[in-house]
There are 4 protein chains.
Amino acid sequence: MVDEVRVAVIGASGYTGGELLRILATHSKVEVAYATSRPHAGKKVWEVQPHLRGLLDVVLEDVDVEKIAERAECAFLATPHTVSMTIAPDLIERGLRVIDLSADFRLKSVKVYERCYKVKHSCPRLLEEAVYGLPELHRREIAGARLVANPGCYPTGAILAIAPLLSYGLIEPNTIYVDAKSGTSGAGATPTSFTHHPECGSNVRPYNVFAHRHVPEIEQELSALCGKEVSVAFSPHLVPIVRGILTSVYANAEPGVSEQDIYRAYLDLYEVEPFVRILEPGELPNLSAVVGSNFCDIGFVYDREKRVVAAFSAIDNLTKGASGQAVQNMNIMYGLGETEGLLFPGLWP
Amino acid sequence: MVDEVRVAVIGASGYTGGELLRILATHSKVEVAYATSRPHAGKKVWEVQPHLRGLLDVVLEDVDVEKIAERAECAFLATPHTVSMTIAPDLIERGLRVIDLSADFRLKSVKVYERCYKVKHSCPRLLEEAVYGLPELHRREIAGARLVANPGCYPTGAILAIAPLLSYGLIEPNTIYVDAKSGTSGAGATPTSFTHHPECGSNVRPYNVFAHRHVPEIEQELSALCGKEVSVAFSPHLVPIVRGILTSVYANAEPGVSEQDIYRAYLDLYEVEPFVRILEPGELPNLSAVVGSNFCDIGFVYDREKRVVAAFSAIDNLTKGASGQAVQNMNIMYGLGETEGLLFPGLWP
Amino acid sequence: MVDEVRVAVIGASGYTGGELLRILATHSKVEVAYATSRPHAGKKVWEVQPHLRGLLDVVLEDVDVEKIAERAECAFLATPHTVSMTIAPDLIERGLRVIDLSADFRLKSVKVYERCYKVKHSCPRLLEEAVYGLPELHRREIAGARLVANPGCYPTGAILAIAPLLSYGLIEPNTIYVDAKSGTSGAGATPTSFTHHPECGSNVRPYNVFAHRHVPEIEQELSALCGKEVSVAFSPHLVPIVRGILTSVYANAEPGVSEQDIYRAYLDLYEVEPFVRILEPGELPNLSAVVGSNFCDIGFVYDREKRVVAAFSAIDNLTKGASGQAVQNMNIMYGLGETEGLLFPGLWP
Amino acid sequence: MVDEVRVAVIGASGYTGGELLRILATHSKVEVAYATSRPHAGKKVWEVQPHLRGLLDVVLEDVDVEKIAERAECAFLATPHTVSMTIAPDLIERGLRVIDLSADFRLKSVKVYERCYKVKHSCPRLLEEAVYGLPELHRREIAGARLVANPGCYPTGAILAIAPLLSYGLIEPNTIYVDAKSGTSGAGATPTSFTHHPECGSNVRPYNVFAHRHVPEIEQELSALCGKEVSVAFSPHLVPIVRGILTSVYANAEPGVSEQDIYRAYLDLYEVEPFVRILEPGELPNLSAVVGSNFCDIGFVYDREKRVVAAFSAIDNLTKGASGQAVQNMNIMYGLGETEGLLFPGLWP
């Protein structure tokens with residue numbers, strides 16, 4: 001176990017960068033040794049991230065791999081996909097361990113990545129090595145990883161809700177419907193008409209239905225988990241909240257399944273998990289109660305007569321869905337307590 | 001065709017009552033001859049409905065069946081369920097035609113009604129006679145009806161989205177998943193913690209999953225339509241908007257179905273419908289664009305490889321989902337133009 | 001009085017353009033003969049304005065002054081400032097009457113305009129002729145005008161709330177504080193970080209305090225009205241609603257003023273006004289009740305002991321604050337009933 | 001300095017109770033030894049406060065003064081006004097130190113209290129002793145207090161914004177206008193039509209203008225501070241956010257005042273304050289950046305020509321405006337570091 005991890009945050013002016021710093025600012029075993037922002041280099045971080053004023057006095061710098069390697073041992077890449085894959089190899093070569101919040105190292109198949117993201121992958125050899133950073137499924141590999149691919153926000157919510165159902169053979173693996181409702185911060189800090197308040201502030205909009213880039217990530221993990229091809233029909237929606245994803249999962253139960261079977265499956269997989277909270281059968285999660293926290297709350301409803309299951313997970317897309325999970329991964333990688341710096345409650349109301 | 005219909009609005013102080021009056025205030029062939037509110041009797045309607053100030057000077061009165069019968073020929077019951085079934089028979093007996101916005105006359109089976117609403121039905125004989133007031137399915141019967149049971153808001157959105165898929169045999173009738181996202185006005189004017197702003201204003205909450213009272217209504221209509229038992233797994237959610245329901249429907253397609261088959265089914269059923277607007281294949285509805293209007297916008301996405309269909313309908317729950325549809329029914333019943341007083345656009349943005 | 005006015009809407013793809021068409025679509029005495037949008041020329045208007053689908057089938061065209069002059073007699077300029085002043089003269093020269101929704105012709109002083117908007121005014125001669133299109137103050141001049149400068153949204157709310165207080169000498173004319181809370185649609189359709197949902201969706205932000213471009217417009221009108229230099233300290237705020245401005249005005253009362261004096265002043269000026277609704281003393285406006293309508297609701301509170309007055313006006317920034325008022329001006333200019341096509345209630349709730 | 005403070009939270013099921021526990025759950029020097037809720041006695045606290053699930057396992061109990069005295073040394077009263085004054089004396093008598101979040105001990109004058117709250121004060125003798133718990137003004141007295149009256153949310157925002165302006169004689173003390181915009185959580189957990197989402201979710205509403213109960217509290221503190229009668233015209237508004245108060249203060253500057261004078265006044269009073277962050281002249285606070293934190297951000301704008309000052313403060317009403325400030329007071333009272341357990345950043349976005 002180390003005393004203090006010196007970390008670099010690459011991409012400190014975006015939302016996941018700001019959320020990383022929000023968490024790291026009160027993490028007692030971390031020193032933020034480097035923070036970058038190309039457009040804002042030279043500014044104090046709180047000039048760009050107003051919540052950090054008075055709490056973190058780091059000056060934003062340009063990305064300089066040599067300097068980063070001198071000052072930090074662990075790098076968070078809060079950079080857009082395609083950027084991460086150009087930075088990660090250089091950092092790893094210089095001995096850093098890397099937690100990448102982009103999509104660049106999440107998919108095991110280069111082909112699927114290139115079809116999804118419509119660019120050539122510049123560093124396929126690291127794909128194999130990269131560990132998918134969902135601690136509830138890959139804790140052991142994360143501990144020893146040099147490169148952790150931090151999961152997407154939608155996959156985090158979907159996989160956590162579905163994994164026990166599939167692991168225990170409780171639902172049919174073909175055609176799992178996932179209807180996700182996401183806050184707008186998931187779209188990032190760049191203004192577009194999609195997240196322009198007049199057009200989304202009193203609206204609910206489905207988008208990229210059955211075609212979202214997070215689908216292969218969800219299917220890859222669930223298929224690996226249950227050893228069968230899993231097919232997910234994923235339908236994301238934008239809702240007028242800033243933070244949070246409520247994921248609603250619908251599937252046909254296998255014959256003979258009881259409510260207690262389902263409940264036991266969730267408890268078996270998650271009872272010891274520090275950040276997954278399982279609700280009683282029939283109890284439904286309250287998205288607001290996890291906002292600002294690293295928790296994932298899961299509830300389910302089972303209609304035995306119709307043989308249908310609904311499972312619901314609630315996460316903060318920027319915390320458990322991105323930066324909180326990244327810090328959880330760092331804690332695991334460096335043998336710190338896994339919950340170190342992460343046991344803050346959500347805001348309620 | 002009549003020159004002017006003299007109408008009574010029973011329950012003019014709630015949200016559907018206020019919406020009825022919003023529409024009727026500019027309807028050139030209607031005279032609001034009577035409006036009731038027990039708690040507010042004696043007040044001008046705009047003291048309770050602030051949007052009507054300067055537009056409608058009606059004084060709210062108590063419910064007096066004799067007086068209503070003297071002054072009006074058509075009554076809208078914007079009363080809670082269990083109240084409607086005590087008023088409707090008296091009005092019908094006195095020769096009025098009644099459009100009931102409550103659930104009291106929507107279900108053909110007394111037994112199902114009593115199980116769902118947990119009260120004895122006091123007027124089962126009118127159940128048979130009542131016509132389910134969804135013009136797109138029952139226009140002809142509505143025209144001649146003495147008693148129209150105006151559909152619930154969720155059933156309107158769900159049935160309109162699903163009907164063509166079932167009518168044309170394009171999806172499997174067992175296990176249709178319906179994930180609905182409703183604004184808070186659907187919960188009515190009585191404050192509860194469920195719609196208390198601090199607890200719902202930045203939240204998304206599933207509720208009554210697989211157990212909502214609107215399920216039998218949806219299944220009754222869809223089963224009648226396709227002549228088979230249809231099973232709907234219905235999962236409503238509260239989202240932080242005031243008006244609007246976005247209904248997302250998921251189903252497995254029957255083998256061999258093409259995108260064009262689906263598109264044609266929607267066009268066949270709805271192309272002539274004045275208030276249903278079908279989007280191009282792959283195009284998704286924009287809830288805000290129907291808010292304040294009587295339109296229902298429907299779009300769909302089909303993944304042929306996975307054989308899954310997603311259909312989405314967008315309505316204003318108070319307009320097409322309640323009061324606008326009630327006025328549409330009145331127009332049909334009295335031989336007025338069906339769109340009379342209803343062709344106002346939604347607010348965008 | 002004319003039978004039908006043939007109008008052109010220049011800039012039909014923005015929010016005020018869309019709102020103009022929302023109103024004109026149900027206006028029985030108007031034909032939309034021309035609608036322009038440079039980026040969307042060739043499309044049907046409802047491809048850009050989703051609320052108009054099925055209601056208005058106009059094809060968007062490029063701006064062609066000759067063609068406009070052939071087809072239309074009245075032009076609404078829903079164009080950005082600096083664009084209007086290049087189009088208006090050409091249209092007027094060809095005999096059209098113009099209602100400009102931009103700021104280009106609102107200020108009588110070229111100097112003030114150029115200081116405020118930081119561009120040279122290309123058509124100062126029309127400034128003199130242009131009539132400030134606030135019907136409550138300038139109805140008579142509007143009736144005969146060739147060029148009407150439609151007021152800004154903030155000035156509409158502020159002037160209507162303040163005018164009676166100054167006209168009747170009830171408040172001190174120096175230092176009137178105006179604290180306005182605006183929905184985000186007032187910022188227009190171009191996405192910026194200011195109206196990016198993650199940054200404004202749970203936020204309240206003051207901006208351009210004491211420095212907003214609408215100040216000279218407010219001071220010009222109020223000073224003209226009371227014949228004294230009026231000084232307004234104007235402080236706008238962005239609030240997370242889509243439509244609506246609630247304007248809160250604070251001023252010191254002159255000695256001896258009573259609550260009844262204030263009430264009478266409002267009634268005297270506005271009792272006959274079709275779109276201004278005066279609330280009882282102490283009653284406060286409900287912004288939601290005017291949203292979607294052309295009404296301005298005004299209420300006030302007077303503390304005689306402290307000699308302070310608070311007056312509040314509520315408008316929909318896109319309707320009475322822009323396009324509704326523009327149609328009201330058109331009605332006046334063409335001798336139609338002033339309320340023609342405009343007497344629709346707001347949405348409540 | 002103590003090692004650990006054993007605290008009781010009286011009223012743990014409301015919003016300020018839940019916020020106290022959110023903070024105390026991660027406070028390393030506090031043990032929550034007792035938590036009460038009459039309606040929920042016997043339940044685990046997280047059954048009522050969903051954000052605390054997995055973090056705090058306290059069982060809610062009835063109020064039993066003897067037991068509280070046995071287990072705790074410090075009591076937070078998160079009880080409604082009129083309840084606090086019946087509990088506080090008993091606790092103090094048994095040797096506890098009390099931090100009361102209600103209004104019961106904030107006003108020095110029994111008469112003013114009774115006029116404002118329309119009840120007889122049952123414990124006037126403690127009024128004298130009670131210390132007004134705004135650390136920025138009364139740190140020293142708080143340190144030695146047995147009874148701290150924690151300020152109201154509006155007074156916290158208003159007093160912090162105004163104090164330097166008055167202390168340094170920069171504004172006229174008569175007629176300071178305060179226009180506050182509050183989130184809905186300030187209204188508490190009891191549902192009413194005022195905070196019913198359909199009626200407030202897209203609305204901005206002034207209420208209790210010039211008549212809010214917090215006015216005497218603001219005037220008492222400001223008058224004491226500058227030794228003159230200060231008159232505040234206070235106008236609160238409800239805005240559709242859950243947490244946060246943006247307070248806008250308007251006042252006439254005294255002759256000769258410069259922008260630097262104002263800036264220096266803020267820095268002089270607050271530069272050493274751990275929870276007040278002063279922005280550069282002309283910079284405006286971002287309410288979202290303090291939500292979830294104990295910070296108060298203050299910015300101002302000065303128009304020298306018009307001699308008007310606008311000052312803006314941003315707080316989270318439940319944190320710096322209530323429970324965070326209460327913990328800050330406890331830290332001071334027990335000689336802990338004042339910022340202990342309170343240096344968490346706000347959520348941004």
# chains A, B, ... in the order shown; residues from 1 in each chain; ligands from 1

$ interface_residues --of "chain B" --to "chain D" --cutoff "9 Å" --atoms "only C-alpha atoms" --output "count of residues only"
24

$ residues_around --residues "A:Ala265" --least-positions-apart "2" --cutoff "12 Å" --atoms "only C-alpha atoms" --output "count of residues only"
27

$ atom_distance --atom1 "atom CA of B:Ala143" --atom2 "atom CA of B:Ala314"
25.8 Å

$ select_by_dssp --residues "stretch 78-226 of chain C" --states "strand (DSSP E or B)" --output "PyMOL selection string"
chain C and resi 97-100+131-132+147-149+171+176-182+196+205-206

$ closest_residue --among "B:Lys181, B:Asp100, B:Pro349, B:Leu20" --to "C:Thr319" --atoms "only C-alpha atoms"
B:Pro349

$ residues_around --residues "stretch 28-30 of chain B" --least-positions-apart "4" --cutoff "9 Å" --atoms "only C-alpha atoms" --output "list in words"
Val2, Asp3, Glu4, Val5, Arg6, Val7, Leu24, Leu336, Glu340 and Gly341 of chain B
